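Trainee: This is the structure I have questions about; it appears just below.
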Amino acid sequence: EPHVAEAAIFVLKRNGYETIVPEQVCCGLPLISNGLYDDARERASRNAASLAHYAKAGYRIVGTSTSCTHTLKAEYEEMLDMRDDDTKAVSHATWDICEFLLDLHEEGRLDTNFGRLDEDLPYHAPCQLRSHGIGLPALDLFALVPGLRAKDMDHDCCGVAGTYGMKKEKYPIAMKVGEPLFKKVKDSGAAMAACDSETCRWQIETATGVRTRHPVEILAQAYRAADMAASMASGASPAP
């Protein structure tokens with residue numbers, strides 16, 4: 001989903017941040033989830049070696065996947081028992097994108113010049129986000145967007161559980177677990193939904209047919225709506 005990364009980079013740039021993309025590999029969570037710990041440690045070691053340089057220099061590491069950021073924050077040390085200086089530095093420097101943006105807002109440094117998005121938005125908070133212990137930052141950010149009526153679907157799990165629901169023998173169970181959530185999303189009548197985790201987005205969209213987007217995509221859309229409104233008011237052509 002490169003479009004999610006592009007939206008994140010756009011939003012970060014809007015707030016004065018240059019994005020650096022160091023060499024990296026998969027965080028290793030799919031391997032951890034399936035008990036392939038040696039392979040997961042190999043990937044964790046590569047990521048820690050690449051990212052620790054930036055963490056120790058005071059940079060923040062920001063990710064758009066709640067499962068990946070939680071892996072960097074906690075799983076390397078907890079599940080893989082990797083507690084060296086590099087993994088500790090990476091853990092302490094890692095932020096989920098919405099967590100980072102909400103912190104900017106609380107510090108009075110977030111650009112809140114959002115355009116109006118007059119629509120309903122069902123929101124599902126994924127299990128991996130809850131494991132961060134940071135609340136629901138996306139909902140707090142949505143509240144800053146004029147006209148956007150975001151509503152927490154308040155359902156524990158969509159059923160996919162990372163890679164669990166993608167396995168043929170587990171798929172029916174995954175769909176059953178997520179059934180109440182899917183009904184809420186469909187009953188909302190909304191044209192799109194939002195969720196921070198990619199596998200959850202795929203699960204919701206597959207089950208409901210409702211386009212499901214990362215919260216940072218919604219924020220990018222709101223910034224572009226503001227640009228469009230300003231351009232129309234001035235009679236100028238909107239920026240691409």
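Chain identifiers are assigned as A, B, and so on, following the order in which chains appear in the structure tokens; residues are numbered from 1 within each chain, and ligands are numbered from 1 in order of appearance.
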From stretch 7-92 of chain A, collect each residue whose DSSP state is alpha helix (DSSP H) and return the set as number ranges by chain.

Mentor: A: 7-14, 29-33, 37-56, 66-70, 76-78, 85-92

Trainee: Give me the residues near A:Ala138 as a PyMOL selection string, where near means some atom within 7 Å (using only C-alpha atoms) and where sequence neighbours in that chain fewer than 3 positions away do not count.

Mentor: chain A and resi 98+141-142+215

Trainee: A:Glu18: which residues within 12 Å, counting only C-alpha atoms, same-chain residues fewer than 2 positions away excluded, as a PyMOL selection string?

Mentor: chain A and resi 8-16+20-21+59-60+62

Trainee: Please dump the current selection as a tab-separated table (two decimals), in the first residue's frame; keep all heavy atoms.

Mentor:
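selection.tsv, freshly written:
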chain	number	residue	atom	x	y	z
A	8	ALA	N	1.25	9.65	4.34
A	8	ALA	CA	1.97	9.98	5.57
A	8	ALA	C	3.06	11.01	5.30
A	8	ALA	O	3.23	11.98	6.05
A	8	ALA	CB	2.56	8.72	6.18
A	9	ILE	N	3.80	10.82	4.22
A	9	ILE	CA	4.87	11.75	3.87
A	9	ILE	C	4.30	13.13	3.56
A	9	ILE	O	4.85	14.16	3.98
A	9	ILE	CB	5.70	11.20	2.68
A	9	ILE	CG1	6.51	9.99	3.14
A	9	ILE	CG2	6.62	12.27	2.11
A	9	ILE	CD1	7.18	9.23	2.01
A	10	PHE	N	3.16	13.16	2.87
A	10	PHE	CA	2.49	14.42	2.57
A	10	PHE	C	2.09	15.15	3.86
A	10	PHE	O	2.32	16.37	4.01
A	10	PHE	CB	1.26	14.15	1.70
A	10	PHE	CG	0.39	15.34	1.48
A	10	PHE	CD1	0.70	16.29	0.51
A	10	PHE	CD2	-0.77	15.54	2.23
A	10	PHE	CE1	-0.12	17.40	0.30
A	10	PHE	CE2	-1.59	16.64	2.03
A	10	PHE	CZ	-1.26	17.58	1.06
A	11	VAL	N	1.49	14.42	4.80
A	11	VAL	CA	1.04	15.02	6.05
A	11	VAL	C	2.23	15.49	6.89
A	11	VAL	O	2.20	16.58	7.48
A	11	VAL	CB	0.16	14.03	6.84
A	11	VAL	CG1	-0.12	14.55	8.25
A	11	VAL	CG2	-1.15	13.79	6.09
A	12	LEU	N	3.28	14.69	6.93
A	12	LEU	CA	4.48	15.09	7.69
A	12	LEU	C	5.12	16.33	7.08
A	12	LEU	O	5.53	17.25	7.80
A	12	LEU	CB	5.47	13.93	7.75
A	12	LEU	CG	5.05	12.75	8.63
A	12	LEU	CD1	5.96	11.55	8.38
A	12	LEU	CD2	5.09	13.14	10.11
A	13	LYS	N	5.21	16.36	5.76
A	13	LYS	CA	5.78	17.54	5.09
A	13	LYS	C	4.94	18.77	5.37
A	13	LYS	O	5.47	19.88	5.57
A	13	LYS	CB	5.87	17.28	3.58
A	13	LYS	CG	6.54	18.41	2.82
A	13	LYS	CD	6.68	18.07	1.34
A	13	LYS	CE	7.37	19.21	0.58
A	13	LYS	NZ	7.50	18.88	-0.87
A	14	ARG	N	3.62	18.59	5.40
A	14	ARG	CA	2.71	19.69	5.70
A	14	ARG	C	3.02	20.30	7.07
A	14	ARG	O	2.79	21.49	7.30
A	14	ARG	CB	1.27	19.17	5.68
A	14	ARG	CG	0.19	20.21	5.87
A	14	ARG	CD	0.00	21.03	4.61
A	14	ARG	NE	-1.17	21.87	4.65
A	14	ARG	CZ	-2.03	21.99	3.65
A	14	ARG	NH1	-1.85	21.31	2.53
A	14	ARG	NH2	-3.06	22.79	3.74
A	15	ASN	N	3.55	19.46	7.96
A	15	ASN	CA	3.85	19.91	9.31
A	15	ASN	C	5.34	20.19	9.51
A	15	ASN	O	5.82	20.24	10.66
A	15	ASN	CB	3.34	18.89	10.30
A	15	ASN	CG	1.83	18.96	10.45
A	15	ASN	OD1	1.32	19.80	11.17
A	15	ASN	ND2	1.11	18.09	9.74
A	16	GLY	N	6.05	20.34	8.41
A	16	GLY	CA	7.44	20.79	8.48
A	16	GLY	C	8.49	19.72	8.63
A	16	GLY	O	9.64	20.02	8.94
A	20	ILE	N	12.95	10.65	6.09
A	20	ILE	CA	14.10	9.85	5.68
A	20	ILE	C	13.66	8.39	5.69
A	20	ILE	O	13.02	7.93	6.64
A	20	ILE	CB	15.28	10.04	6.66
A	20	ILE	CG1	15.69	11.50	6.70
A	20	ILE	CG2	16.46	9.15	6.29
A	20	ILE	CD1	16.64	11.83	7.84
A	21	VAL	N	13.98	7.65	4.64
A	21	VAL	CA	13.58	6.25	4.56
A	21	VAL	C	14.85	5.38	4.51
A	21	VAL	O	15.39	5.11	3.46
A	21	VAL	CB	12.70	5.98	3.32
A	21	VAL	CG1	12.19	4.53	3.34
A	21	VAL	CG2	11.53	6.95	3.28
A	59	TYR	N	16.39	11.22	16.20
A	59	TYR	CA	15.28	11.18	15.26
A	59	TYR	C	14.16	10.31	15.83
A	59	TYR	O	14.40	9.37	16.57
A	59	TYR	CB	15.72	10.59	13.91
A	59	TYR	CG	16.62	11.48	13.10
A	59	TYR	CD1	17.99	11.53	13.35
A	59	TYR	CD2	16.12	12.27	12.07
A	59	TYR	CE1	18.84	12.33	12.60
A	59	TYR	CE2	16.95	13.07	11.31
A	59	TYR	CZ	18.31	13.10	11.59
A	59	TYR	OH	19.15	13.90	10.85
A	60	ARG	N	12.93	10.60	15.41
A	60	ARG	CA	11.82	9.72	15.74
A	60	ARG	C	11.56	8.77	14.57
A	60	ARG	O	11.66	9.17	13.41
A	60	ARG	CB	10.56	10.52	16.05
A	60	ARG	CG	10.71	11.42	17.25
A	60	ARG	CD	9.36	11.79	17.82
A	60	ARG	NE	9.34	13.16	18.31
A	60	ARG	CZ	8.30	13.68	18.95
A	60	ARG	NH1	7.23	12.97	19.18
A	60	ARG	NH2	8.33	14.93	19.37
A	62	VAL	N	8.82	6.75	12.68
A	62	VAL	CA	7.37	6.82	12.54
A	62	VAL	C	6.90	5.77	11.54
A	62	VAL	O	7.49	5.63	10.46
A	62	VAL	CB	6.92	8.22	12.09
A	62	VAL	CG1	5.42	8.27	11.89
A	62	VAL	CG2	7.36	9.27	13.11

Trainee: If we count only C-alpha atoms, what is near stretch 80-87 of chain A at a cut-off of 8 Å, once residues fewer than 5 positions away on the same chain are taken out, given as a list in words?

Mentor: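 Once the adjacent positions are removed, what remains is Tyr37, Ala40, Arg41, Ala48, Ala49, Ala52, Leu72 and Glu75 of chain A.
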
Trainee: Quick one: residues within 10 Å of A:Thr112, only C-alpha atoms counted, chain neighbours fewer than 4 positions away excluded, as an mmCIF file with all heavy atoms, in the first residue's frame?

Mentor:
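Wrote it out as around-v3.cif, contents follow:
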data_model
loop_
_atom_site.group_PDB
_atom_site.id
_atom_site.type_symbol
_atom_site.label_atom_id
_atom_site.label_comp_id
_atom_site.auth_asym_id
_atom_site.auth_seq_id
_atom_site.Cartn_x
_atom_site.Cartn_y
_atom_site.Cartn_z
ATOM 1 N N ASN A 15 3.548 19.464 7.955
ATOM 2 C CA ASN A 15 3.853 19.909 9.306
ATOM 3 C C ASN A 15 5.341 20.187 9.511
ATOM 4 O O ASN A 15 5.818 20.236 10.656
ATOM 5 C CB ASN A 15 3.340 18.886 10.302
ATOM 6 C CG ASN A 15 1.830 18.959 10.450
ATOM 7 O OD1 ASN A 15 1.316 19.801 11.167
ATOM 8 N ND2 ASN A 15 1.109 18.089 9.739
ATOM 9 N N HIS A 105 -0.205 17.982 17.989
ATOM 10 C CA HIS A 105 -1.367 18.821 18.279
ATOM 11 C C HIS A 105 -1.381 19.253 19.742
ATOM 12 O O HIS A 105 -1.660 20.428 20.051
ATOM 13 C CB HIS A 105 -2.649 18.065 17.945
ATOM 14 C CG HIS A 105 -3.898 18.804 18.296
ATOM 15 N ND1 HIS A 105 -4.205 20.049 17.768
ATOM 16 C CD2 HIS A 105 -4.908 18.501 19.144
ATOM 17 C CE1 HIS A 105 -5.348 20.467 18.258
ATOM 18 N NE2 HIS A 105 -5.804 19.555 19.114
ATOM 19 N N GLY A 108 0.698 22.025 20.371
ATOM 20 C CA GLY A 108 0.340 23.228 19.624
ATOM 21 C C GLY A 108 1.108 23.397 18.335
ATOM 22 O O GLY A 108 1.190 24.508 17.794
ATOM 23 N N LEU A 141 -7.833 13.034 16.208
ATOM 24 C CA LEU A 141 -7.443 13.811 15.028
ATOM 25 C C LEU A 141 -8.637 14.046 14.110
ATOM 26 O O LEU A 141 -8.803 15.143 13.556
ATOM 27 C CB LEU A 141 -6.326 13.081 14.270
ATOM 28 C CG LEU A 141 -4.991 12.990 15.014
ATOM 29 C CD1 LEU A 141 -4.071 11.987 14.330
ATOM 30 C CD2 LEU A 141 -4.309 14.352 15.095
ATOM 31 N N LEU A 144 -10.778 17.075 14.637
ATOM 32 C CA LEU A 144 -10.272 18.369 14.204
ATOM 33 C C LEU A 144 -10.716 18.728 12.789
ATOM 34 O O LEU A 144 -10.522 19.865 12.346
ATOM 35 C CB LEU A 144 -8.736 18.378 14.258
ATOM 36 C CG LEU A 144 -8.088 18.054 15.607
ATOM 37 C CD1 LEU A 144 -6.574 17.956 15.446
ATOM 38 C CD2 LEU A 144 -8.451 19.111 16.645
ATOM 39 N N VAL A 145 -11.277 17.757 12.074
ATOM 40 C CA VAL A 145 -11.653 17.962 10.666
ATOM 41 C C VAL A 145 -13.101 18.427 10.582
ATOM 42 O O VAL A 145 -14.014 17.687 10.986
ATOM 43 C CB VAL A 145 -11.464 16.664 9.861
ATOM 44 C CG1 VAL A 145 -11.877 16.888 8.408
ATOM 45 C CG2 VAL A 145 -10.015 16.187 9.937
ATOM 46 N N LEU A 219 -6.663 12.380 6.730
ATOM 47 C CA LEU A 219 -6.079 13.680 7.084
ATOM 48 C C LEU A 219 -5.467 14.351 5.861
ATOM 49 O O LEU A 219 -5.603 15.574 5.675
ATOM 50 C CB LEU A 219 -5.032 13.499 8.177
ATOM 51 C CG LEU A 219 -5.531 12.933 9.508
ATOM 52 C CD1 LEU A 219 -4.380 12.743 10.481
ATOM 53 C CD2 LEU A 219 -6.615 13.827 10.126
ATOM 54 N N ALA A 222 -8.173 15.844 3.921
ATOM 55 C CA ALA A 222 -8.674 17.074 4.546
ATOM 56 C C ALA A 222 -7.749 18.258 4.274
ATOM 57 O O ALA A 222 -8.222 19.391 4.061
ATOM 58 C CB ALA A 222 -8.834 16.859 6.047
ATOM 59 N N TYR A 223 -6.448 18.028 4.274
ATOM 60 C CA TYR A 223 -5.505 19.101 3.916
ATOM 61 C C TYR A 223 -5.715 19.531 2.460
ATOM 62 O O TYR A 223 -5.695 20.732 2.139
ATOM 63 C CB TYR A 223 -4.065 18.628 4.099
ATOM 64 C CG TYR A 223 -3.550 18.678 5.515
ATOM 65 C CD1 TYR A 223 -2.793 17.621 6.033
ATOM 66 C CD2 TYR A 223 -3.767 19.775 6.338
ATOM 67 C CE1 TYR A 223 -2.288 17.658 7.331
ATOM 68 C CE2 TYR A 223 -3.276 19.826 7.631
ATOM 69 C CZ TYR A 223 -2.528 18.760 8.123
ATOM 70 O OH TYR A 223 -2.025 18.803 9.404
#

Trainee: Could you jot down the atom CA of A:Pro2 to atom CA of A:Asn47 separation for me, Å, one decimal place?

Mentor: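 Between atom CA of A:Pro2 and atom CA of A:Asn47 the gap is 19.4 Å.
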
Trainee: Excluding A:Thr64 and its own-chain neighbours fewer than 4 positions away, which residues fall within 10 Å of it when counting only C-alpha atoms? Please give them as a ChimeraX atom specification.

Mentor: /A:4-5,7-8,68-69,95-98,196-198,214-216
